[in-house]
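This is entry.txt (compact mmCIF, C-alpha atoms).
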# COMPACT_ATOMS: atom_id res chain seq x y z
CA MET A 1 63.53 -94.52 12.58
CA THR A 2 62.03 -93.31 15.83
CA GLN A 3 59.69 -95.50 17.84
CA VAL A 4 56.00 -94.60 17.23
CA PHE A 5 54.77 -96.40 20.36
CA SER A 6 56.32 -96.01 23.77
CA PRO A 7 57.21 -99.19 25.68
CA SER A 8 54.10 -98.83 27.85
CA ALA A 9 51.69 -98.42 24.90
CA ASP A 10 50.78 -102.09 24.88
CA THR A 11 49.83 -102.00 28.56
CA TRP A 12 47.72 -98.86 28.00
CA LEU A 13 45.98 -100.49 25.06
CA ARG A 14 45.13 -103.56 27.07
CA LEU A 15 43.93 -101.45 29.97
CA LEU A 16 41.73 -99.28 27.74
CA ALA A 17 40.30 -102.30 25.93
CA GLY A 18 39.54 -103.92 29.29
CA LEU A 19 37.90 -100.77 30.64
CA GLY A 20 35.95 -100.39 27.41
CA ALA A 21 34.58 -103.92 27.70
CA VAL A 22 33.59 -103.32 31.33
CA ALA A 23 31.91 -100.03 30.37
CA VAL A 24 29.91 -101.66 27.55
CA ALA A 25 28.84 -104.50 29.82
CA GLY A 26 27.94 -101.98 32.52
CA VAL A 27 25.87 -99.84 30.15
CA LEU A 28 24.03 -102.94 28.92
CA LEU A 29 23.37 -104.10 32.47
CA VAL A 30 22.13 -100.70 33.60
CA ALA A 31 20.00 -100.28 30.46
CA GLY A 32 18.54 -103.75 30.97
CA GLY A 33 17.82 -102.87 34.55
CA ILE A 34 16.18 -99.57 33.59
CA VAL A 35 13.99 -101.16 30.92
CA ARG A 36 12.72 -103.68 33.46
CA SER A 37 12.56 -101.20 36.31
CA ASP A 38 9.31 -100.10 37.88
CA TYR A 39 10.15 -96.59 36.69
CA VAL A 40 9.79 -97.63 33.04
CA THR A 41 7.04 -100.26 33.43
CA GLY A 42 4.97 -98.04 35.70
CA VAL A 43 4.57 -100.64 38.43
CA GLY A 44 3.49 -99.07 41.69
CA VAL A 45 2.84 -95.59 40.26
CA VAL A 46 -0.32 -94.04 41.71
CA PRO A 47 -1.87 -91.45 39.38
CA ARG A 48 -3.99 -88.55 40.63
CA GLN A 49 -7.64 -89.55 40.26
CA PRO A 50 -10.62 -87.14 40.14
CA VAL A 51 -12.06 -89.01 43.15
CA PRO A 52 -9.85 -90.90 45.63
CA PHE A 53 -11.74 -94.14 44.99
CA SER A 54 -10.52 -96.95 47.22
CA HIS A 55 -10.65 -100.58 46.11
CA GLU A 56 -9.49 -101.46 49.62
CA HIS A 57 -12.72 -100.05 51.08
CA HIS A 58 -15.13 -101.16 48.39
CA VAL A 59 -13.67 -104.58 47.54
CA GLY A 60 -11.73 -105.58 50.64
CA GLY A 61 -13.95 -103.91 53.23
CA LEU A 62 -17.43 -104.11 51.72
CA GLY A 63 -16.88 -107.25 49.64
CA ILE A 64 -18.37 -105.86 46.41
CA ASP A 65 -17.80 -108.12 43.40
CA CYS A 66 -15.62 -106.75 40.56
CA ARG A 67 -18.52 -107.21 38.16
CA TYR A 68 -20.74 -104.82 40.09
CA CYS A 69 -18.56 -102.06 38.61
CA HIS A 70 -16.49 -103.68 35.82
CA THR A 71 -19.55 -105.30 34.33
CA SER A 72 -18.37 -106.17 30.82
CA VAL A 73 -15.22 -107.99 31.92
CA GLU A 74 -16.70 -111.44 31.19
CA VAL A 75 -18.14 -110.64 27.79
CA ALA A 76 -15.93 -108.02 26.14
CA ALA A 77 -12.34 -107.01 25.49
CA ASN A 78 -12.65 -104.08 27.88
CA ALA A 79 -13.51 -104.54 31.53
CA GLY A 80 -15.19 -101.13 31.51
CA PHE A 81 -15.18 -98.35 34.08
CA PRO A 82 -18.33 -97.90 36.17
CA PRO A 83 -20.64 -95.13 34.97
CA THR A 84 -21.64 -92.52 37.56
CA HIS A 85 -25.02 -94.24 37.83
CA THR A 86 -23.23 -97.24 39.39
CA CYS A 87 -21.59 -95.12 42.10
CA MET A 88 -24.91 -93.42 42.76
CA SER A 89 -26.75 -96.72 43.29
CA CYS A 90 -25.15 -96.53 46.75
CA HIS A 91 -23.98 -92.95 47.11
CA SER A 92 -27.42 -91.49 46.44
CA GLN A 93 -28.12 -92.78 49.97
CA ILE A 94 -24.81 -92.94 51.82
CA TRP A 95 -22.04 -90.37 52.22
CA THR A 96 -24.37 -88.05 50.29
CA GLY A 97 -22.71 -84.85 51.52
CA ALA A 98 -19.08 -85.99 51.52
CA PRO A 99 -16.84 -83.38 49.85
CA MET A 100 -14.71 -86.26 48.56
CA LEU A 101 -17.64 -87.33 46.41
CA ALA A 102 -18.42 -83.85 45.04
CA PRO A 103 -17.01 -84.68 41.56
CA VAL A 104 -19.32 -87.73 41.40
CA ARG A 105 -22.39 -85.65 42.19
CA GLU A 106 -21.30 -83.01 39.73
CA SER A 107 -20.82 -85.67 37.09
CA LEU A 108 -24.39 -86.84 37.66
CA ALA A 109 -25.80 -83.31 37.66
CA THR A 110 -24.00 -82.22 34.47
CA ASP A 111 -24.28 -85.62 32.76
CA THR A 112 -20.55 -85.78 32.01
CA ALA A 113 -18.64 -88.95 32.78
CA LEU A 114 -15.79 -88.95 35.29
CA ARG A 115 -12.40 -89.15 33.61
CA TRP A 116 -10.29 -91.73 35.41
CA GLU A 117 -6.53 -91.79 34.90
CA ARG A 118 -5.53 -95.13 33.44
CA VAL A 119 -3.43 -97.48 35.53
CA ALA A 120 -3.40 -100.69 33.54
CA ARG A 121 -2.65 -100.05 29.88
CA VAL A 122 -0.85 -101.65 26.96
CA PRO A 123 0.42 -99.75 23.88
CA ASP A 124 -1.93 -99.30 20.92
CA PHE A 125 -0.11 -101.94 18.88
CA VAL A 126 -1.05 -104.64 21.38
CA TYR A 127 -4.40 -106.37 21.32
CA PHE A 128 -5.70 -107.52 24.68
CA ASP A 129 -9.01 -109.17 25.47
CA HIS A 130 -10.36 -109.74 28.98
CA HIS A 131 -13.17 -112.12 28.19
CA VAL A 132 -10.99 -114.96 26.88
CA HIS A 133 -8.75 -114.80 29.96
CA ILE A 134 -11.71 -114.82 32.35
CA ALA A 135 -13.45 -117.63 30.47
CA LYS A 136 -10.32 -119.79 30.56
CA GLY A 137 -9.79 -119.24 34.28
CA VAL A 138 -7.11 -116.56 34.73
CA GLY A 139 -7.91 -114.64 37.93
CA CYS A 140 -7.95 -110.84 38.11
CA VAL A 141 -5.38 -111.00 40.87
CA THR A 142 -2.87 -112.74 38.58
CA CYS A 143 -2.59 -109.63 36.40
CA HIS A 144 -3.79 -106.78 38.63
CA GLY A 145 -2.48 -107.89 42.03
CA ARG A 146 -4.28 -107.55 45.35
CA VAL A 147 -6.47 -104.59 44.41
CA ASP A 148 -8.46 -105.29 47.58
CA LYS A 149 -5.43 -104.09 49.51
CA MET A 150 -4.85 -100.92 47.46
CA PRO A 151 -6.32 -97.74 48.95
CA LEU A 152 -5.42 -96.11 45.62
CA LEU A 153 -4.87 -98.23 42.57
CA ALA A 154 -1.41 -98.85 41.12
CA ARG A 155 -0.16 -101.20 38.43
CA ALA A 156 0.95 -104.50 39.92
CA GLU A 157 2.63 -106.24 36.97
CA PRO A 158 5.00 -104.85 34.30
CA PHE A 159 2.66 -105.57 31.32
CA GLN A 160 5.70 -106.02 29.09
CA MET A 161 5.78 -108.56 26.29
CA GLN A 162 7.95 -110.91 28.31
CA TRP A 163 5.42 -110.94 31.12
CA CYS A 164 2.58 -111.90 28.76
CA LEU A 165 4.75 -114.54 27.13
CA ASP A 166 5.86 -116.08 30.43
CA CYS A 167 2.29 -117.13 30.95
CA HIS A 168 1.36 -117.83 27.33
CA ARG A 169 4.22 -120.33 27.04
CA ASP A 170 2.80 -122.33 29.94
CA PRO A 171 -0.55 -121.08 31.22
CA ALA A 172 -1.39 -124.23 33.21
CA PRO A 173 0.00 -123.22 36.63
CA ASN A 174 -1.84 -119.87 36.44
CA LEU A 175 -5.32 -121.26 35.94
CA ARG A 176 -8.00 -121.48 38.59
CA PRO A 177 -11.55 -122.86 38.71
CA SER A 178 -13.95 -120.42 37.04
CA GLU A 179 -15.85 -119.69 40.26
CA GLU A 180 -12.61 -118.42 41.85
CA VAL A 181 -11.65 -115.95 39.09
CA PHE A 182 -12.91 -112.91 41.02
CA ASP A 183 -11.61 -114.10 44.38
CA MET A 184 -8.57 -112.12 45.46
CA ALA A 185 -7.40 -114.49 48.18
CA TRP A 186 -7.85 -117.91 46.52
CA SER A 187 -4.95 -120.29 46.68
CA PRO A 188 -4.93 -123.84 45.35
CA GLN A 189 -5.52 -126.72 47.75
CA GLY A 190 -4.14 -130.18 47.25
CA ASP A 191 -2.39 -131.43 44.13
CA ARG A 192 -1.54 -128.31 42.10
CA GLU A 193 -0.39 -130.19 39.03
CA ALA A 194 -3.45 -132.39 38.80
CA LEU A 195 -5.65 -129.31 39.12
CA ALA A 196 -3.69 -127.50 36.40
CA GLU A 197 -4.06 -130.44 34.08
CA ARG A 198 -7.77 -130.80 34.77
CA LEU A 199 -8.39 -127.09 34.18
CA MET A 200 -6.42 -127.11 30.92
CA SER A 201 -8.77 -129.70 29.48
CA GLU A 202 -11.95 -128.57 31.27
CA ASN A 203 -11.58 -124.97 30.07
CA HIS A 204 -10.38 -126.10 26.61
CA VAL A 205 -7.24 -123.97 26.74
CA GLN A 206 -5.66 -123.80 23.27
CA THR A 207 -1.93 -123.23 23.48
CA ALA A 208 -1.13 -123.75 19.78
CA HIS A 209 -1.11 -120.04 18.78
CA LEU A 210 -0.62 -118.37 22.12
CA THR A 211 2.93 -117.25 21.35
CA ASP A 212 2.39 -116.32 17.69
CA CYS A 213 3.01 -112.64 17.05
CA TYR A 214 -0.41 -112.10 15.48
CA THR A 215 -2.21 -113.22 18.61
CA CYS A 216 -1.27 -109.98 20.33
CA HIS A 217 -0.17 -107.77 17.41
CA ARG A 218 -3.01 -107.58 14.90
CA MET B 1 29.57 -92.93 2.10
CA ARG B 2 26.32 -91.96 0.42
CA THR B 3 24.71 -95.36 1.11
CA ALA B 4 25.76 -95.03 4.75
CA PHE B 5 23.82 -91.75 4.99
CA VAL B 6 20.77 -93.27 3.31
CA VAL B 7 20.83 -96.22 5.70
CA LEU B 8 21.32 -93.90 8.68
CA GLY B 9 18.48 -91.69 7.49
CA ALA B 10 16.20 -94.68 7.05
CA ALA B 11 17.10 -95.97 10.49
CA LEU B 12 16.28 -92.57 12.01
CA ALA B 13 12.98 -92.44 10.12
CA VAL B 14 12.03 -95.89 11.43
CA ALA B 15 13.08 -94.95 14.93
CA ALA B 16 10.71 -91.99 14.78
CA CYS B 17 7.82 -94.37 14.09
CA ASP B 18 8.00 -95.82 17.57
CA GLN B 19 5.87 -93.21 19.35
CA ARG B 20 3.25 -93.34 16.61
CA MET B 21 2.90 -97.07 17.21
CA ILE B 22 2.44 -96.71 20.96
CA ASN B 23 -0.08 -93.90 20.60
CA GLN B 24 -1.59 -94.52 17.19
CA PRO B 25 -3.83 -91.97 15.52
CA LYS B 26 -6.87 -94.14 16.17
CA ASP B 27 -9.67 -93.76 18.66
CA LYS B 28 -9.92 -96.30 21.46
CA PRO B 29 -12.87 -96.42 23.88
CA TYR B 30 -11.36 -94.39 26.73
CA GLY B 31 -9.33 -92.00 24.58
CA THR B 32 -9.92 -88.40 23.61
CA SER B 33 -11.16 -87.27 20.24
CA GLN B 34 -11.63 -83.86 18.64
CA LEU B 35 -14.63 -85.23 16.74
CA PHE B 36 -17.07 -84.65 19.56
CA PRO B 37 -17.87 -81.56 21.64
CA ASP B 38 -16.87 -83.23 24.94
CA ASN B 39 -13.61 -84.59 23.46
CA ARG B 40 -14.45 -88.19 24.32
CA VAL B 41 -14.43 -91.25 22.12
CA ALA B 42 -17.06 -93.10 24.14
CA GLN B 43 -20.36 -91.36 23.40
CA ALA B 44 -23.80 -92.03 24.79
CA PRO B 45 -26.19 -93.24 22.09
CA PRO B 46 -28.35 -90.41 20.68
CA GLN B 47 -31.84 -89.93 22.11
CA GLY B 48 -34.34 -92.44 20.81
CA THR B 49 -31.76 -95.03 19.77
CA VAL B 50 -33.17 -98.54 19.65
CA ALA B 51 -30.61 -101.22 20.50
CA ARG B 52 -30.13 -103.88 17.86
CA ASP B 53 -31.16 -106.55 20.37
CA GLN B 54 -34.16 -104.63 21.73
CA VAL B 55 -36.75 -106.88 20.10
CA PHE B 56 -34.93 -109.97 21.30
CA TRP B 57 -34.66 -108.59 24.84
CA SER B 58 -38.35 -107.73 24.95
CA TRP B 59 -39.13 -111.23 23.81
CA GLN B 60 -36.74 -112.69 26.38
CA THR B 61 -38.31 -110.61 29.13
CA SER B 62 -41.72 -111.99 28.28
CA GLN B 63 -40.62 -115.65 28.23
CA ARG B 64 -40.17 -117.34 31.56
CA PRO B 65 -37.37 -119.89 31.04
CA ALA B 66 -37.82 -123.41 32.39
CA MET B 67 -36.56 -123.89 35.96
CA THR B 68 -33.32 -125.86 35.74
CA GLU B 69 -30.32 -126.36 37.97
CA ALA B 70 -28.17 -124.40 35.50
CA LEU B 71 -30.58 -121.46 35.71
CA LEU B 72 -30.42 -121.52 39.52
CA ALA B 73 -26.61 -121.69 39.49
CA ARG B 74 -26.46 -118.72 37.13
CA GLY B 75 -28.99 -116.88 39.27
CA ARG B 76 -26.99 -117.48 42.41
CA GLU B 77 -23.78 -116.17 40.84
CA ARG B 78 -25.52 -113.04 39.51
CA TYR B 79 -27.42 -112.50 42.76
CA ASP B 80 -24.22 -112.68 44.80
CA ALA B 81 -22.50 -110.18 42.49
CA PHE B 82 -25.25 -107.61 42.01
CA CYS B 83 -27.82 -107.94 44.78
CA SER B 84 -26.02 -109.32 47.84
CA PRO B 85 -24.26 -106.04 48.81
CA CYS B 86 -27.65 -104.80 50.05
CA HIS B 87 -29.99 -107.78 50.22
CA ALA B 88 -27.29 -110.03 51.76
CA ARG B 89 -26.50 -113.49 50.44
CA THR B 90 -29.29 -114.86 52.60
CA GLY B 91 -31.92 -112.44 51.25
CA ASP B 92 -32.70 -111.04 54.70
CA GLY B 93 -31.90 -107.50 53.56
CA ASP B 94 -29.09 -106.74 56.00
CA GLY B 95 -26.18 -106.71 53.52
CA MET B 96 -22.90 -104.91 54.05
CA ILE B 97 -24.04 -101.64 52.48
CA VAL B 98 -27.17 -101.62 54.64
CA GLN B 99 -24.94 -101.99 57.69
CA ARG B 100 -23.14 -98.85 56.48
CA GLY B 101 -26.25 -96.72 56.17
CA MET B 102 -28.24 -97.80 53.10
CA PRO B 103 -32.01 -97.94 53.79
CA ARG B 104 -32.92 -101.50 54.67
CA PRO B 105 -34.74 -103.37 51.90
CA PRO B 106 -37.59 -105.69 52.87
CA SER B 107 -36.69 -109.31 53.56
CA PHE B 108 -37.46 -111.66 50.68
CA TYR B 109 -39.11 -113.93 53.25
CA SER B 110 -41.83 -111.41 54.03
CA GLU B 111 -45.36 -112.56 53.28
CA ARG B 112 -45.83 -109.87 50.62
CA LEU B 113 -42.71 -110.72 48.62
CA ARG B 114 -43.35 -114.45 48.83
CA GLU B 115 -46.77 -113.86 47.31
CA ALA B 116 -45.50 -111.39 44.69
CA PRO B 117 -45.31 -112.77 41.13
CA ASP B 118 -41.93 -113.34 39.41
CA ARG B 119 -42.83 -110.45 37.16
CA HIS B 120 -42.57 -108.10 40.12
CA ILE B 121 -38.94 -109.09 40.77
CA LEU B 122 -38.17 -108.66 37.08
CA GLN B 123 -39.77 -105.24 37.12
CA VAL B 124 -37.83 -104.14 40.22
CA ILE B 125 -34.52 -105.14 38.59
CA THR B 126 -35.45 -103.42 35.32
CA GLU B 127 -36.93 -100.18 36.63
CA GLY B 128 -35.65 -99.91 40.18
CA TYR B 129 -37.90 -99.48 43.22
CA GLY B 130 -37.88 -96.57 45.64
CA ALA B 131 -34.34 -96.15 46.95
CA MET B 132 -33.08 -99.01 44.78
CA TYR B 133 -31.69 -98.01 41.41
CA SER B 134 -32.36 -99.82 38.15
CA TYR B 135 -30.01 -102.69 37.32
CA ALA B 136 -31.18 -102.97 33.71
CA SER B 137 -27.86 -101.79 32.26
CA ARG B 138 -25.90 -104.42 34.17
CA VAL B 139 -28.27 -107.38 34.35
CA PRO B 140 -29.57 -108.51 30.92
CA PRO B 141 -33.07 -110.05 30.69
CA ASP B 142 -32.04 -113.71 30.82
CA ASP B 143 -30.04 -113.04 33.98
CA ARG B 144 -33.04 -111.22 35.48
CA TRP B 145 -35.03 -114.43 35.13
CA ALA B 146 -32.17 -116.43 36.62
CA ILE B 147 -32.02 -114.08 39.63
CA ALA B 148 -35.80 -114.24 40.05
CA ALA B 149 -35.59 -118.04 40.01
CA TYR B 150 -32.84 -117.98 42.64
CA ILE B 151 -34.83 -115.65 44.89
CA ARG B 152 -37.73 -118.10 44.59
CA ALA B 153 -35.38 -120.89 45.64
CA LEU B 154 -34.20 -118.83 48.62
CA GLN B 155 -37.78 -118.21 49.68
CA PHE B 156 -38.64 -121.87 49.27
CA SER B 157 -35.62 -122.88 51.36
CA ARG B 158 -37.16 -121.41 54.50
CA ASN B 159 -40.77 -122.26 53.85
CA ALA B 160 -40.60 -125.76 52.47
CA HIS B 161 -42.63 -128.53 54.04
CA VAL B 162 -41.28 -132.05 53.99
CA ALA B 163 -44.55 -133.10 52.39
CA ASP B 164 -43.80 -130.82 49.37
CA LEU B 165 -40.62 -132.68 48.50
CA SER B 166 -40.36 -135.42 45.92
CA ASP B 167 -40.11 -139.00 47.22
CA GLU B 168 -36.48 -139.22 46.20
CA VAL B 169 -35.43 -136.04 48.00
CA ARG B 170 -37.47 -136.97 51.07
CA GLN B 171 -35.72 -140.30 51.26
CA GLN B 172 -32.32 -138.58 51.00
CA LEU B 173 -33.32 -136.17 53.75
CA GLN B 174 -34.37 -139.01 56.03
CA GLU B 175 -31.11 -140.81 55.45
CA ASN B 176 -29.09 -137.67 56.12
CA THR B 177 -30.88 -136.78 59.33
CA ARG B 178 -30.79 -140.30 60.69
Would you write out, as structure tokens, the structure that this file holds?
Amino acid sequence: MTQVFSPSADTWLRLLAGLGAVAVAGVLLVAGGIVRSDYVTGVGVVPRQPVPFSHEHHVGGLGIDCRYCHTSVEVAANAGFPPTHTCMSCHSQIWTGAPMLAPVRESLATDTALRWERVARVPDFVYFDHHVHIAKGVGCVTCHGRVDKMPLLARAEPFQMQWCLDCHRDPAPNLRPSEEVFDMAWSPQGDREALAERLMSENHVQTAHLTDCYTCHR
Amino acid sequence: MRTAFVVLGAALAVAACDQRMINQPKDKPYGTSQLFPDNRVAQAPPQGTVARDQVFWSWQTSQRPAMTEALLARGRERYDAFCSPCHARTGDGDGMIVQRGMPRPPSFYSERLREAPDRHILQVITEGYGAMYSYASRVPPDDRWAIAAYIRALQFSRNAHVADLSDEVRQQLQENTR
């Protein structure tokens, strides 16, 4: 009977098996990297807006409060985009002829709302609610980053399930006093842990169901 | 073999669901919809719509709430968010937007505005005044009262006489300035 396998077959088999294992591990690593990459999560992507509205100018430079424009953020699930009327409460008087603001004036004249490209978004199967986060002392900056330093807005955090859960498992270190929620530059002074503990009880933060699927998928 | 195909088919069918779950055939506030001529989900209420809370708001607007510390604190927060860009946190009327070209509003410390009734402030917030737009859509009636109360407190802060203070506060003041 002739030999089916050559003497080196065993070596080849081992080599191929080894390479195969490396390839599988590599694919998994790369895939994991891609799934978490900014390319997939959309972090840092600046969409083309109808008006080049700058949070850096309006928030950082002029010091306008978030609620002047995102008025419903404290009371509703949606923060809300400012209606044209809100822009015009200033721009009816200043920069009235600026070509950059032409779409705003047109929107007022034709009574059609501006259509902003969304930056911060979760899929339709996820339920998110601003008002509970604001009421319990999570600052805008924790989820949206330093918008006061963004000439054009981009997403600052991945908004993936893991990111939500990282906080929901232990929200305490991310809380701040309610008067600092809208402050972009606030940082805790003194004993961080004591403050976290005080805020957990002061704001009545309920952690019992924060990681249950139905909290976010309903 | 046949079961394998069925399982594979089912798996493929489930896989295809994914997109539908991310962009579900439901209308969310900022989405588009073929239902309306302008293709938007968020529609302005039809002409003549009366808000469910309209009666309550009218009632609230007519009732001056009692002056409390909580009301003042609320008023201060709302004032800083909605009024201070132009009127400045101090109420002098030289806020950031005014420094950038907005017409200068009158100082709250002017004789006329100190004499003006609370109702006038409420009316200015609700209906606007000259170059100032209405803030009715952003400041609900109870907050309008809170802001009016805070503006009163601002005005008082620069025109108070020691004799007007309560005994307790006067004593505190004397101790602090000693």
Open item on the list: Which residues are close to Pro29 (chain B), i.e. within 10 Å by only C-alpha atoms, leaving aside same-chain residues fewer than 6 positions away? Reply as a ChimeraX atom specification.
Closed with: /A:78,80 /B:40-43
Based on only C-alpha atoms, which of the residues in chain B come within 7 Å of chain A? I want them as a PDB file with C-alpha atoms, in the coordinates of the input.
ATOM      1  CA  MET B  21       2.900 -97.070  17.210  1.00  0.00           C
ATOM      2  CA  ILE B  22       2.440 -96.710  20.960  1.00  0.00           C
ATOM      3  CA  ASN B  23      -0.080 -93.900  20.600  1.00  0.00           C
ATOM      4  CA  GLN B  24      -1.590 -94.520  17.190  1.00  0.00           C
ATOM      5  CA  ALA B  81     -22.500-110.180  42.490  1.00  0.00           C
ATOM      6  CA  PHE B  82     -25.250-107.610  42.010  1.00  0.00           C
ATOM      7  CA  PRO B  85     -24.260-106.040  48.810  1.00  0.00           C
ATOM      8  CA  MET B  96     -22.900-104.910  54.050  1.00  0.00           C
ATOM      9  CA  GLY B 101     -26.250 -96.720  56.170  1.00  0.00           C
ATOM     10  CA  MET B 102     -28.240 -97.800  53.100  1.00  0.00           C
ATOM     11  CA  MET B 132     -33.080 -99.010  44.780  1.00  0.00           C
ATOM     12  CA  TYR B 133     -31.690 -98.010  41.410  1.00  0.00           C
ATOM     13  CA  ARG B 138     -25.900-104.420  34.170  1.00  0.00           C
TER      14      ARG B 138
END
- [ ] Work out how far apart CA of His144 (chain A) and CA of Asn174 (chain A) are and give it in Å to one decimal.
- [x] 13.4 Å
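We find CA of Glu157 (chain A) and CA of Gly145 (chain A) to be spaced 7.4 Å apart.
Taking CA of Pro188 (chain A) as the reference point, CA of Leu175 (chain A) is found at 9.8 Å.
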- [ ] Using all atoms listed in the file, find the one residue out of B:Ile125, B:Ala160, B:Leu173, B:Ala153 that sits nearest to Pro141 (chain B).
- [x] B:Ile125
TODO: Quick one: everything within 7 Å of Glu56 (chain A), counting all atoms listed in the file, minus sequence neighbours fewer than 4 positions away in the same chain. Send it as a list in words.
DONE: Gly60, Gly61, Val147, Asp148, Lys149, Met150 and Pro151 of chain A
Generate the output file for the selected residues, C-alpha atoms, as a PDB file, in the frame of the given file.
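The result, stored in again.pdb:
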ATOM      1  CA  GLY A  60     -11.730-105.580  50.640  1.00  0.00           C
ATOM      2  CA  GLY A  61     -13.950-103.910  53.230  1.00  0.00           C
ATOM      3  CA  VAL A 147      -6.470-104.590  44.410  1.00  0.00           C
ATOM      4  CA  ASP A 148      -8.460-105.290  47.580  1.00  0.00           C
ATOM      5  CA  LYS A 149      -5.430-104.090  49.510  1.00  0.00           C
ATOM      6  CA  MET A 150      -4.850-100.920  47.460  1.00  0.00           C
ATOM      7  CA  PRO A 151      -6.320 -97.740  48.950  1.00  0.00           C
TER       8      PRO A 151
END
Task: Exercise: Cys86 (chain B) partners within 10 Å, only C-alpha atoms, chain neighbours under 5 positions left out, as a PyMOL selection string - done: (chain A and resi 90) or (chain B and resi 91-100+102-105+132)
TODO: Write out as a ChimeraX atom specification each polymer residue whose atoms come within 12 Å of Gly75 (chain B), counting all atoms listed in the file; drop sequence neighbours fewer than 2 positions from it.
DONE: /B:67-73,77-84,89,139-154
The selected residues should be written to file as a compact mmCIF listing (two decimals), in the frame of the given file (atoms: C-alpha atoms).
# COMPACT_ATOMS: atom_id res chain seq x y z
CA MET B 67 -36.56 -123.89 35.96
CA THR B 68 -33.32 -125.86 35.74
CA GLU B 69 -30.32 -126.36 37.97
CA ALA B 70 -28.17 -124.40 35.50
CA LEU B 71 -30.58 -121.46 35.71
CA LEU B 72 -30.42 -121.52 39.52
CA ALA B 73 -26.61 -121.69 39.49
CA GLU B 77 -23.78 -116.17 40.84
CA ARG B 78 -25.52 -113.04 39.51
CA TYR B 79 -27.42 -112.50 42.76
CA ASP B 80 -24.22 -112.68 44.80
CA ALA B 81 -22.50 -110.18 42.49
CA PHE B 82 -25.25 -107.61 42.01
CA CYS B 83 -27.82 -107.94 44.78
CA SER B 84 -26.02 -109.32 47.84
CA ARG B 89 -26.50 -113.49 50.44
CA VAL B 139 -28.27 -107.38 34.35
CA PRO B 140 -29.57 -108.51 30.92
CA PRO B 141 -33.07 -110.05 30.69
CA ASP B 142 -32.04 -113.71 30.82
CA ASP B 143 -30.04 -113.04 33.98
CA ARG B 144 -33.04 -111.22 35.48
CA TRP B 145 -35.03 -114.43 35.13
CA ALA B 146 -32.17 -116.43 36.62
CA ILE B 147 -32.02 -114.08 39.63
CA ALA B 148 -35.80 -114.24 40.05
CA ALA B 149 -35.59 -118.04 40.01
CA TYR B 150 -32.84 -117.98 42.64
CA ILE B 151 -34.83 -115.65 44.89
CA ARG B 152 -37.73 -118.10 44.59
CA ALA B 153 -35.38 -120.89 45.64
CA LEU B 154 -34.20 -118.83 48.62
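The smallest atom-to-atom distance between Glu111 (chain B) and any of B:Gln34, B:Gln174, B:Ser166, B:Gln155, using only C-alpha atoms, is found for B:Gln155.
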- [ ] Tell me which of A:Thr41, A:His209, A:Arg146, A:Pro177 sits closest to Trp163 (chain A), counting all atoms listed in the file.
- [x] A:Thr41
Open item on the list: With distances taken over all atoms listed in the file, which residue among A:Val43, A:Phe159, A:Gly18, A:Pro83 lies nearest Ser137 (chain B)?
Closed with: A:Pro83
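Between Ser201 (chain A) and the residues A:Thr142, A:Met161, A:Lys136, A:Gln49, the shortest atom-to-atom distance, using all atoms listed in the file, involves A:Lys136.
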